[in-house]
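Asks: Here you go, my_file02.cif (mmCIF, C-alpha atoms):
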data_coords
#
loop_
_atom_site.group_PDB
_atom_site.id
_atom_site.type_symbol
_atom_site.label_atom_id
_atom_site.label_comp_id
_atom_site.auth_asym_id
_atom_site.auth_seq_id
_atom_site.Cartn_x
_atom_site.Cartn_y
_atom_site.Cartn_z
ATOM 1 C CA MET A 578 93.644 119.349 139.074
ATOM 2 C CA SER A 579 93.950 116.950 141.976
ATOM 3 C CA ALA A 580 92.259 113.582 141.684
ATOM 4 C CA ARG A 581 90.423 111.948 144.570
ATOM 5 C CA PHE A 582 90.980 108.428 143.230
ATOM 6 C CA LYS A 583 93.919 106.601 141.688
ATOM 7 C CA ILE A 584 94.273 103.588 139.414
ATOM 8 C CA GLY A 585 93.195 100.426 141.250
ATOM 9 C CA ASP A 586 90.919 102.160 143.772
ATOM 10 C CA ARG A 587 87.556 100.519 144.390
ATOM 11 C CA VAL A 588 84.726 102.956 143.794
ATOM 12 C CA ARG A 589 80.949 102.882 144.013
ATOM 13 C CA ILE A 590 78.876 104.712 141.416
ATOM 14 C CA ASP A 591 76.166 106.874 143.000
ATOM 15 C CA ASP A 592 72.668 105.421 142.928
ATOM 16 C CA ARG A 593 70.827 108.604 142.031
ATOM 17 C CA ASP A 594 69.006 109.974 139.028
ATOM 18 C CA PRO A 595 68.714 113.761 139.183
ATOM 19 C CA PRO A 596 66.039 115.175 136.850
ATOM 20 C CA VAL A 597 68.636 116.731 134.552
ATOM 21 C CA HIS A 598 70.816 115.507 131.722
ATOM 22 C CA HIS A 599 73.663 113.377 133.063
ATOM 23 C CA ARG A 600 75.881 110.622 131.706
ATOM 24 C CA VAL A 601 75.310 107.736 134.133
ATOM 25 C CA PRO A 602 73.119 104.900 132.837
ATOM 26 C CA ARG A 603 70.597 103.348 135.183
ATOM 27 C CA TYR A 604 72.154 99.877 135.052
ATOM 28 C CA ALA A 605 75.464 101.149 136.452
ATOM 29 C CA ARG A 606 74.099 103.109 139.404
ATOM 30 C CA GLY A 607 74.952 101.770 142.830
ATOM 31 C CA HIS A 608 77.538 99.316 141.548
ATOM 32 C CA VAL A 609 81.180 98.872 142.510
ATOM 33 C CA GLY A 610 84.165 98.801 140.176
ATOM 34 C CA VAL A 611 87.866 99.579 140.021
ATOM 35 C CA VAL A 612 89.504 102.692 138.561
ATOM 36 C CA GLU A 613 91.210 101.605 135.323
ATOM 37 C CA ARG A 614 92.553 105.022 134.279
ATOM 38 C CA LEU A 615 92.177 108.746 134.755
ATOM 39 C CA CYS A 616 90.860 110.330 131.566
ATOM 40 C CA GLY A 617 91.435 113.971 132.493
ATOM 41 C CA ALA A 618 89.219 116.769 133.769
ATOM 42 C CA PHE A 619 86.140 117.872 131.849
ATOM 43 C CA GLY A 620 83.194 120.220 132.333
ATOM 44 C CA GLN A 621 80.197 118.784 134.144
ATOM 45 C CA PRO A 622 77.516 117.600 131.674
ATOM 46 C CA GLU A 623 74.794 118.520 134.206
ATOM 47 C CA LEU A 624 75.881 122.177 133.822
ATOM 48 C CA LEU A 625 76.938 122.183 130.163
ATOM 49 C CA ALA A 626 73.507 120.808 129.250
ATOM 50 C CA TYR A 627 71.831 124.022 130.415
ATOM 51 C CA GLY A 628 74.107 126.577 128.781
ATOM 52 C CA GLY A 629 76.627 126.742 131.639
ATOM 53 C CA ASP A 630 80.388 126.532 131.231
ATOM 54 C CA GLY A 631 80.609 123.227 133.139
ATOM 55 C CA ASP A 632 82.870 124.601 135.887
ATOM 56 C CA PRO A 633 84.211 123.420 138.180
ATOM 57 C CA ALA A 634 85.575 120.742 135.875
ATOM 58 C CA GLN A 635 85.530 117.216 137.301
ATOM 59 C CA MET A 636 88.030 114.392 136.889
ATOM 60 C CA LEU A 637 86.681 111.667 134.620
ATOM 61 C CA TYR A 638 87.579 108.042 135.412
ATOM 62 C CA ARG A 639 87.331 104.876 133.389
ATOM 63 C CA VAL A 640 85.781 102.390 135.797
ATOM 64 C CA HIS A 641 86.158 98.651 135.273
ATOM 65 C CA LEU A 642 83.225 96.529 136.496
ATOM 66 C CA LYS A 643 82.451 92.825 136.334
ATOM 67 C CA GLN A 644 79.328 92.027 134.342
ATOM 68 C CA THR A 645 78.252 89.751 137.196
ATOM 69 C CA GLU A 646 78.338 92.822 139.452
ATOM 70 C CA LEU A 647 76.016 94.693 137.081
ATOM 71 C CA TRP A 648 73.559 91.899 136.277
ATOM 72 C CA ALA A 649 72.401 89.546 139.025
ATOM 73 C CA ASP A 650 71.319 86.901 136.476
ATOM 74 C CA TYR A 651 74.329 87.269 134.144
ATOM 75 C CA ALA A 652 74.645 83.925 132.319
ATOM 76 C CA GLU A 653 77.588 84.592 129.978
ATOM 77 C CA ASN A 654 81.309 84.259 130.772
ATOM 78 C CA PRO A 655 81.729 85.204 134.477
ATOM 79 C CA ASP A 656 85.003 86.963 133.577
ATOM 80 C CA ASP A 657 83.251 89.437 131.261
ATOM 81 C CA THR A 658 83.738 93.057 132.215
ATOM 82 C CA LEU A 659 82.461 96.518 131.337
ATOM 83 C CA GLU A 660 84.412 99.761 131.254
ATOM 84 C CA ILE A 661 82.478 102.983 131.612
ATOM 85 C CA GLU A 662 83.563 106.586 132.095
ATOM 86 C CA ILE A 663 82.190 108.228 135.232
ATOM 87 C CA PHE A 664 82.866 111.671 136.693
ATOM 88 C CA GLU A 665 84.401 112.063 140.149
ATOM 89 C CA HIS A 666 81.281 113.693 141.622
ATOM 90 C CA TRP A 667 79.406 110.447 140.944
ATOM 91 C CA LEU A 668 81.924 108.211 142.776
ATOM 92 C CA SER A 669 82.646 107.334 146.397
ATOM 93 C CA PRO A 670 85.261 104.997 147.930
ATOM 94 C CA ALA A 671 84.158 101.353 148.173
ATOM 95 C CA MET B 1281 70.840 94.460 142.502
ATOM 96 C CA THR B 1282 70.993 97.707 144.401
ATOM 97 C CA ASN B 1283 68.985 99.717 141.888
ATOM 98 C CA SER B 1284 66.031 97.361 141.455
ATOM 99 C CA ASP B 1285 63.660 99.687 143.323
ATOM 100 C CA THR B 1286 64.414 102.777 141.258
ATOM 101 C CA PRO B 1287 61.668 104.099 138.947
ATOM 102 C CA PRO B 1288 61.302 102.783 135.392
ATOM 103 C CA ALA B 1289 64.048 103.791 133.005
ATOM 104 C CA LYS B 1290 63.801 107.088 131.175
ATOM 105 C CA VAL B 1291 63.019 106.662 127.510
ATOM 106 C CA HIS B 1292 66.648 107.127 126.425
ATOM 107 C CA ASP B 1293 68.149 104.949 129.190
ATOM 108 C CA LEU B 1294 67.478 101.462 127.857
ATOM 109 C CA GLY B 1295 70.467 99.407 129.027
ATOM 110 C CA GLY B 1296 69.115 96.242 130.665
ATOM 111 C CA GLU B 1297 65.524 96.706 129.487
ATOM 112 C CA PRO B 1298 63.913 93.846 127.532
ATOM 113 C CA GLY B 1299 64.913 94.422 123.932
ATOM 114 C CA GLY B 1300 62.032 93.081 121.895
ATOM 115 C CA ALA B 1301 63.116 92.554 118.301
ATOM 116 C CA ALA B 1302 66.757 91.868 117.425
ATOM 117 C CA ILE B 1303 68.896 94.894 116.584
ATOM 118 C CA ASP B 1304 69.084 95.601 112.858
ATOM 119 C CA ARG B 1305 72.831 95.690 112.223
ATOM 120 C CA ALA B 1306 72.602 96.284 108.472
ATOM 121 C CA GLU B 1307 74.780 99.145 107.231
ATOM 122 C CA ARG B 1308 72.979 101.882 105.354
ATOM 123 C CA ALA B 1309 74.084 105.045 103.584
ATOM 124 C CA VAL B 1310 73.937 108.327 105.486
ATOM 125 C CA THR B 1311 71.639 110.682 103.590
ATOM 126 C CA PHE B 1312 72.564 114.219 102.560
ATOM 127 C CA TRP B 1313 70.151 115.860 105.036
ATOM 128 C CA GLU B 1314 71.610 113.751 107.849
ATOM 129 C CA GLN B 1315 75.109 114.960 106.917
ATOM 130 C CA ARG B 1316 73.807 118.537 107.009
ATOM 131 C CA VAL B 1317 72.311 118.066 110.478
ATOM 132 C CA ASP B 1318 75.626 116.642 111.682
ATOM 133 C CA ALA B 1319 77.549 119.543 110.111
ATOM 134 C CA LEU B 1320 75.171 122.041 111.696
ATOM 135 C CA LEU B 1321 75.941 120.739 115.173
ATOM 136 C CA VAL B 1322 79.683 120.727 114.492
ATOM 137 C CA LEU B 1323 79.475 124.404 113.520
ATOM 138 C CA LEU B 1324 77.270 125.351 116.477
ATOM 139 C CA ALA B 1325 79.597 123.563 118.910
ATOM 140 C CA ASP B 1326 83.001 124.526 117.529
ATOM 141 C CA ARG B 1327 85.567 126.345 119.658
ATOM 142 C CA GLU B 1328 85.025 129.600 117.840
ATOM 143 C CA ARG B 1329 81.243 129.771 118.177
ATOM 144 C CA ARG B 1330 80.455 127.660 121.251
ATOM 145 C CA ILE B 1331 76.770 128.289 120.622
ATOM 146 C CA MET B 1332 75.735 124.810 121.661
ATOM 147 C CA ASP B 1333 77.354 121.997 123.632
ATOM 148 C CA VAL B 1334 76.842 118.293 122.930
ATOM 149 C CA ALA B 1335 75.405 118.029 126.454
ATOM 150 C CA GLU B 1336 72.702 120.464 125.325
ATOM 151 C CA LEU B 1337 72.058 118.275 122.299
ATOM 152 C CA ARG B 1338 71.596 115.309 124.619
ATOM 153 C CA ARG B 1339 69.379 117.276 127.002
ATOM 154 C CA GLY B 1340 67.150 118.268 124.078
ATOM 155 C CA ILE B 1341 66.914 114.668 122.873
ATOM 156 C CA GLU B 1342 66.131 113.387 126.369
ATOM 157 C CA SER B 1343 63.406 116.055 126.705
ATOM 158 C CA LEU B 1344 61.501 115.060 123.569
ATOM 159 C CA GLY B 1345 58.996 112.908 125.438
ATOM 160 C CA PRO B 1346 58.490 109.185 124.863
ATOM 161 C CA GLU B 1347 56.156 109.530 121.876
ATOM 162 C CA ALA B 1348 58.428 111.828 119.856
ATOM 163 C CA TYR B 1349 61.556 109.977 120.981
ATOM 164 C CA ASP B 1350 60.217 106.662 119.708
ATOM 165 C CA SER B 1351 58.823 108.033 116.440
ATOM 166 C CA LEU B 1352 61.890 110.044 115.342
ATOM 167 C CA ASN B 1353 65.042 108.492 113.938
ATOM 168 C CA TYR B 1354 68.563 109.337 115.087
ATOM 169 C CA TYR B 1355 69.175 112.527 113.099
ATOM 170 C CA GLU B 1356 65.535 113.606 113.366
ATOM 171 C CA ARG B 1357 66.100 113.687 117.131
ATOM 172 C CA TRP B 1358 69.242 115.772 116.558
ATOM 173 C CA ALA B 1359 67.314 118.188 114.337
ATOM 174 C CA ALA B 1360 64.512 118.560 116.909
ATOM 175 C CA SER B 1361 67.008 119.172 119.717
ATOM 176 C CA ILE B 1362 69.068 121.688 117.698
ATOM 177 C CA ALA B 1363 65.902 123.553 116.706
ATOM 178 C CA SER B 1364 64.618 123.830 120.276
ATOM 179 C CA THR B 1365 68.048 124.920 121.536
ATOM 180 C CA VAL B 1366 68.560 127.710 118.988
ATOM 181 C CA VAL B 1367 65.022 128.961 119.663
ATOM 182 C CA GLU B 1368 65.675 128.820 123.424
ATOM 183 C CA LYS B 1369 68.846 130.879 122.932
ATOM 184 C CA GLY B 1370 67.061 133.439 120.772
ATOM 185 C CA ILE B 1371 69.225 132.758 117.700
ATOM 186 C CA VAL B 1372 66.174 131.851 115.655
ATOM 187 C CA THR B 1373 62.589 132.623 116.669
ATOM 188 C CA GLN B 1374 59.887 129.983 116.622
ATOM 189 C CA ALA B 1375 58.014 132.142 114.080
ATOM 190 C CA GLU B 1376 61.037 132.182 111.741
ATOM 191 C CA LEU B 1377 61.384 128.436 112.080
ATOM 192 C CA ASP B 1378 57.669 127.859 111.428
ATOM 193 C CA GLN B 1379 57.760 130.156 108.411
ATOM 194 C CA ARG B 1380 60.734 128.312 106.910
ATOM 195 C CA VAL B 1381 59.076 124.952 107.467
ATOM 196 C CA ALA B 1382 55.921 126.278 105.761
ATOM 197 C CA GLU B 1383 57.996 127.493 102.793
ATOM 198 C CA ILE B 1384 59.692 124.131 102.414
ATOM 199 C CA ARG B 1385 56.374 122.301 102.721
ATOM 200 C CA ALA B 1386 54.860 124.527 100.021
ATOM 201 C CA ARG B 1387 57.859 123.959 97.754
ATOM 202 C CA LYS B 1388 57.636 120.197 98.210
ATOM 203 C CA THR B 1389 53.897 120.206 97.560
ATOM 204 C CA ALA B 1390 54.394 122.302 94.390
ATOM 205 C CA GLY B 1391 57.098 119.925 93.202
ATOM 206 C CA GLN B 1392 54.906 116.845 93.433
#
Before anything else, please render the file you have as structure tokens.
Replies:
Amino acid sequence: MSARFKIGDRVRIDDRDPPVHHRVPRYARGHVGVVERLCGAFGQPELLAYGGDGDPAQMLYRVHLKQTELWADYAENPDDTLEIEIFEHWLSPA
Amino acid sequence: MTNSDTPPAKVHDLGGEPGGAAIDRAERAVTFWEQRVDALLVLLADRERRIMDVAELRRGIESLGPEAYDSLNYYERWAASIASTVVEKGIVTQAELDQRVAEIRARKTAGQ
């Protein structure tokens, strides 16, 4: 399937919390990172969680974020990072 | 932070919340019943059966409610979620499940 983003693109994770099962932790919502790799296309957890087949499948990205971007009061090494896998329908260009 | 005005975290979404006590990192043996619960999910989710998806397992765990979520351990949460999912799908009825639990309780009581 075609991918909206490529390695190195800056992306913002949606700041939303739909009242269904999804895979995006609260601390990551609304934050900006860089696409580290494309993991492939997978069924949407929001649909698979309710007995659906997960289609249309969505591209999954590994997103690389700075810890200082995630935590305003981050007091450890400022070069620390986090990588988290986020589906395309949760990302927008940043 | 952009998400500071969002509602309090859901019970399962704890990243960034004050942690309280330090995490117990001690290794412990996995018990036989825990292995059986794990095996049960593997069978329900395999490519042949596709009765249950891991996303459904997660949905069931996240739907337990704060009290049950906090009082159950890891595989107890799995067992509760698997049970509610197979009942929801009509594979096992609640009455069958209740009857089996009663039988096991009676057996355990008799064995004491």
Asks: Report as a ChimeraX atom specification the full result of the PyMOL selection byres ((chain A) within 7 of (chain B)) when it is applied to this structure.
Replies: /A:592,598,602-604,606-607,622,625-627,649
Asks: Could you state the separation of atom CA of B:Val1322 and atom CA of B:Gln1379 in Å, given to one decimal place?
Replies: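 Going from atom CA of B:Val1322 over to atom CA of B:Gln1379 covers 24.6 Å.
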Asks: Evaluate the PyMOL selection byres ((chain A and resi 657-670) around 9) on the structure here and hand back the selected residues as a ChimeraX atom specification.
Replies: /A:580-582,586-593,600-601,605,610,613,616,618-619,621,635-645,647,653-656,671
Asks: With C-alpha atoms kept, could you save the residues just selected as a short mmCIF file (atom, residue, chain, number, x, y, z; two decimals), in the coordinates of the input?
Replies:
data_model
loop_
_atom_site.label_atom_id
_atom_site.label_comp_id
_atom_site.auth_asym_id
_atom_site.auth_seq_id
_atom_site.Cartn_x
_atom_site.Cartn_y
_atom_site.Cartn_z
CA ALA A 580 92.26 113.58 141.68
CA ARG A 581 90.42 111.95 144.57
CA PHE A 582 90.98 108.43 143.23
CA ASP A 586 90.92 102.16 143.77
CA ARG A 587 87.56 100.52 144.39
CA VAL A 588 84.73 102.96 143.79
CA ARG A 589 80.95 102.88 144.01
CA ILE A 590 78.88 104.71 141.42
CA ASP A 591 76.17 106.87 143.00
CA ASP A 592 72.67 105.42 142.93
CA ARG A 593 70.83 108.60 142.03
CA ARG A 600 75.88 110.62 131.71
CA VAL A 601 75.31 107.74 134.13
CA ALA A 605 75.46 101.15 136.45
CA GLY A 610 84.16 98.80 140.18
CA GLU A 613 91.21 101.60 135.32
CA CYS A 616 90.86 110.33 131.57
CA ALA A 618 89.22 116.77 133.77
CA PHE A 619 86.14 117.87 131.85
CA GLN A 621 80.20 118.78 134.14
CA GLN A 635 85.53 117.22 137.30
CA MET A 636 88.03 114.39 136.89
CA LEU A 637 86.68 111.67 134.62
CA TYR A 638 87.58 108.04 135.41
CA ARG A 639 87.33 104.88 133.39
CA VAL A 640 85.78 102.39 135.80
CA HIS A 641 86.16 98.65 135.27
CA LEU A 642 83.22 96.53 136.50
CA LYS A 643 82.45 92.82 136.33
CA GLN A 644 79.33 92.03 134.34
CA THR A 645 78.25 89.75 137.20
CA LEU A 647 76.02 94.69 137.08
CA GLU A 653 77.59 84.59 129.98
CA ASN A 654 81.31 84.26 130.77
CA PRO A 655 81.73 85.20 134.48
CA ASP A 656 85.00 86.96 133.58
CA ALA A 671 84.16 101.35 148.17
#
Asks: Choose the residue, out of A:Leu624, A:Val597, A:Ala652, A:Ala634, that has the smallest atom-to-atom separation from A:Ser579; count only C-alpha atoms.
Replies: A:Ala634
Asks: State, in Å with one decimal place, the distance from atom CA of A:His608 to atom CA of A:Pro595.
Replies: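 That distance, rounded to one decimal, is 17.1 Å.
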Asks: Would you mind telling me which residue in A:Pro633, A:Met578, A:Asp650, A:Lys583 lies nearest to A:Gly617 when using all atoms listed in the file?
Replies: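 Comparing A:Pro633, A:Met578, A:Asp650, A:Lys583 against A:Gly617, the winner is A:Met578.
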Asks: Could you state the separation of atom CA of A:Arg614 and atom CA of A:Ile584 in Å, given to one decimal place?
Replies: 5.6 Å
Asks: For B:Tyr1354, list every protein, DNA or RNA residue within 10 Å, evaluated using all atoms listed in the file, and leave out those in the same chain fewer than 4 positions away; present the list as a short mmCIF file (atom, residue, chain, number, x, y, z; two decimals) with C-alpha atoms, in the frame of the given file.
Replies:
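around-v4.cif written:
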data_model
loop_
_atom_site.label_atom_id
_atom_site.label_comp_id
_atom_site.auth_asym_id
_atom_site.auth_seq_id
_atom_site.Cartn_x
_atom_site.Cartn_y
_atom_site.Cartn_z
CA GLU B 1314 71.61 113.75 107.85
CA ILE B 1341 66.91 114.67 122.87
CA TYR B 1349 61.56 109.98 120.98
CA ASP B 1350 60.22 106.66 119.71
CA TRP B 1358 69.24 115.77 116.56
CA ALA B 1359 67.31 118.19 114.34
#
Asks: Starting from the PyMOL selection byres ((chain B and resi 1318) around 12), expand the selection into actual residues of this file and give them as a count of residues only.
Replies: 24
Asks: Please complete stretch 631-653 of chain A with N, CA and C atoms and give it back as a compact mmCIF listing (two decimals), in the coordinates of the input.
Replies:
# COMPACT_ATOMS: atom_id res chain seq x y z
N GLY A 631 80.19 124.54 132.65
CA GLY A 631 80.61 123.23 133.14
C GLY A 631 81.56 123.27 134.32
N ASP A 632 81.92 124.47 134.77
CA ASP A 632 82.87 124.60 135.89
C ASP A 632 82.17 124.45 137.24
N PRO A 633 82.85 123.93 138.26
CA PRO A 633 84.21 123.42 138.18
C PRO A 633 84.30 122.10 137.42
N ALA A 634 85.35 121.99 136.59
CA ALA A 634 85.58 120.74 135.88
C ALA A 634 85.76 119.60 136.87
N GLN A 635 85.42 118.40 136.44
CA GLN A 635 85.53 117.22 137.30
C GLN A 635 86.43 116.19 136.62
N MET A 636 87.22 115.48 137.44
CA MET A 636 88.03 114.39 136.89
C MET A 636 87.10 113.29 136.37
N LEU A 637 87.44 112.77 135.21
CA LEU A 637 86.68 111.67 134.62
C LEU A 637 87.52 110.40 134.74
N TYR A 638 86.88 109.32 135.20
CA TYR A 638 87.58 108.04 135.41
C TYR A 638 86.98 106.96 134.52
N ARG A 639 87.85 106.08 134.03
CA ARG A 639 87.33 104.88 133.39
C ARG A 639 87.24 103.81 134.47
N VAL A 640 86.03 103.35 134.71
CA VAL A 640 85.78 102.39 135.80
C VAL A 640 85.52 101.01 135.19
N HIS A 641 86.18 100.02 135.76
CA HIS A 641 86.16 98.65 135.27
C HIS A 641 85.25 97.85 136.21
N LEU A 642 84.16 97.29 135.67
CA LEU A 642 83.22 96.53 136.50
C LEU A 642 83.05 95.13 135.93
N LYS A 643 82.77 94.17 136.81
CA LYS A 643 82.45 92.82 136.33
C LYS A 643 80.99 92.81 135.90
N GLN A 644 80.72 92.12 134.80
CA GLN A 644 79.33 92.03 134.34
C GLN A 644 78.45 91.35 135.40
N THR A 645 79.03 90.42 136.15
CA THR A 645 78.25 89.75 137.20
C THR A 645 77.90 90.70 138.32
N GLU A 646 78.67 91.80 138.47
CA GLU A 646 78.34 92.82 139.45
C GLU A 646 77.14 93.65 138.96
N LEU A 647 77.08 93.85 137.65
CA LEU A 647 76.02 94.69 137.08
C LEU A 647 74.69 93.95 136.94
N TRP A 648 74.77 92.67 136.59
CA TRP A 648 73.56 91.90 136.28
C TRP A 648 73.51 90.67 137.18
N ALA A 649 72.49 90.63 138.06
CA ALA A 649 72.40 89.55 139.02
C ALA A 649 72.25 88.19 138.33
N ASP A 650 71.59 88.16 137.16
CA ASP A 650 71.32 86.90 136.48
C ASP A 650 72.23 86.73 135.25
N TYR A 651 73.43 87.33 135.29
CA TYR A 651 74.33 87.27 134.14
C TYR A 651 74.74 85.83 133.85
N ALA A 652 74.44 85.34 132.64
CA ALA A 652 74.64 83.92 132.32
C ALA A 652 75.77 83.70 131.32
N GLU A 653 76.49 84.76 130.94
CA GLU A 653 77.59 84.59 129.98
C GLU A 653 78.88 84.29 130.76
